[in-house]
>>> print(open('final08.cif').read())   # mmCIF, C-alpha atoms
data_model
#
loop_
_atom_site.label_atom_id
_atom_site.label_comp_id
_atom_site.auth_asym_id
_atom_site.auth_seq_id
_atom_site.Cartn_x
_atom_site.Cartn_y
_atom_site.Cartn_z
CA MET S 100 81.82 99.03 78.13
CA GLN S 101 81.00 98.07 74.56
CA LEU S 102 78.81 100.37 72.47
CA ALA S 103 76.54 99.43 69.59
CA ASP S 104 78.84 101.22 67.11
CA GLY S 105 81.77 99.00 68.18
CA GLU S 106 83.49 101.58 70.36
CA THR S 107 84.95 100.29 73.63
CA LEU S 108 85.18 102.60 76.64
CA SER S 109 86.97 102.13 79.98
CA GLY S 110 86.17 104.15 83.05
CA ILE S 111 84.12 104.34 86.21
CA VAL S 112 80.34 104.57 86.18
CA ALA S 113 79.77 107.91 87.93
CA GLU S 114 75.99 108.04 87.57
CA GLU S 115 73.16 105.85 86.29
CA THR S 116 69.62 106.75 85.28
CA GLY S 117 66.95 104.76 83.53
CA THR S 118 68.01 106.21 80.19
CA SER S 119 71.76 106.87 80.46
CA LEU S 120 75.08 106.08 82.10
CA THR S 121 77.68 108.71 82.93
CA LEU S 122 81.17 107.29 82.60
CA LYS S 123 84.19 108.98 84.19
CA LEU S 124 87.07 108.42 81.79
CA ALA S 125 90.81 108.63 82.45
CA GLY S 126 91.74 112.27 82.94
CA GLY S 127 88.44 113.02 84.67
CA THR S 128 86.35 113.59 81.54
CA LEU S 129 82.68 112.70 81.95
CA ARG S 130 80.78 111.12 79.07
CA VAL S 131 77.03 110.54 79.09
CA ILE S 132 76.02 107.44 77.12
CA PRO S 133 72.42 106.59 76.24
CA ARG S 134 71.54 103.12 77.58
CA GLN S 135 70.29 101.99 74.17
CA SER S 136 73.83 102.53 72.83
CA VAL S 137 75.38 100.12 75.38
CA THR S 138 75.66 96.50 74.29
CA ARG S 139 77.85 95.22 77.13
CA ILE S 140 79.15 96.34 80.51
CA SER S 141 81.86 94.36 82.23
CA ALA S 142 84.18 94.91 85.16
CA SER S 143 87.87 94.95 84.40
CA GLN S 144 90.33 92.88 86.38
CA LEU S 145 93.03 95.50 85.69
CA SER S 146 93.78 98.71 87.53
CA LEU S 147 93.87 102.02 85.67
CA MET S 148 97.22 102.65 87.38
CA PRO S 149 100.12 101.58 85.17
CA GLU S 150 101.71 98.33 86.33
CA GLY S 151 104.95 98.86 88.23
CA LEU S 152 104.34 102.57 88.87
CA GLU S 153 104.81 102.15 92.60
CA ALA S 154 108.31 100.71 92.11
CA GLY S 155 109.59 104.09 90.94
CA LEU S 156 108.02 106.12 93.75
CA THR S 157 109.50 107.05 97.10
CA PRO S 158 107.35 106.45 100.18
CA GLN S 159 106.57 110.19 100.29
CA GLN S 160 105.56 110.25 96.62
CA MET S 161 103.27 107.27 97.21
CA ALA S 162 101.72 109.03 100.23
CA ASP S 163 101.18 112.15 98.10
CA LEU S 164 99.58 110.09 95.33
CA ILE S 165 97.21 108.40 97.79
CA ALA S 166 96.28 111.80 99.26
CA VAL S 167 95.42 113.15 95.81
CA LEU S 168 93.34 110.08 94.96
CA ARG S 169 91.43 110.26 98.24
CA ALA S 170 90.67 113.97 97.67
CA ALA S 171 89.24 113.37 94.19
CA PRO S 172 85.45 113.70 93.97
#
>>> encode(input="final08.cif", output="structure tokens")
Amino acid sequence: MQLADGETLSGIVAEETGTSLTLKLAGGTLRVIPRQSVTRISASQLSLMPEGLEAGLTPQQMADLIAVLRAAP
């Protein structure tokens, strides 16, 4: 998401209203952004998960990670 002041944000749109967007940022922080401040919204082709992370995890660690992600609101 590109803002009018030049700031670029990456996250998941958690809520939309006619006047604002609530973006869930990495770490779970929520940020409410007035729609008039948004100049561009685009979907990323990249995952927020670091590339290659799964290579260093055991099957049990991967299962635990998936369980945590599924439990997140």
>>> atom_distance(input="final08.cif", atom1="CA of Lys123 in chain S", atom2="CA of Pro149 in chain S")
17.6 Å
>>> residues_around(input="final08.cif", residues="Pro133 in chain S", least_positions_apart="4", cutoff="10 Å", atoms="only C-alpha atoms", output="PyMOL selection string")
chain S and resi 102+116-121+137
>>> atom_distance(input="final08.cif", atom1="CA of Ala171 in chain S", atom2="CA of Arg130 in chain S")
17.5 Å
>>> axis_aligned_box(input="final08.cif", around="range 104-112 of chain S", padding_each_side="4 Å", output="AutoDock Vina command-line options")
--center_x 82.9 --center_y 101.8 --center_z 76.7 --size_x 16.1 --size_y 13.6 --size_z 27.1
>>> resolve_selection(input="final08.cif", expression="the PyMOL selection byres ((chain S and resi 128) around 12)", output="ChimeraX atom specification")
/S:109-113,121-127,129-131
>>> atom_distance(input="final08.cif", atom1="CA of Ala103 in chain S", atom2="CA of Gln135 in chain S")
8.2 Å
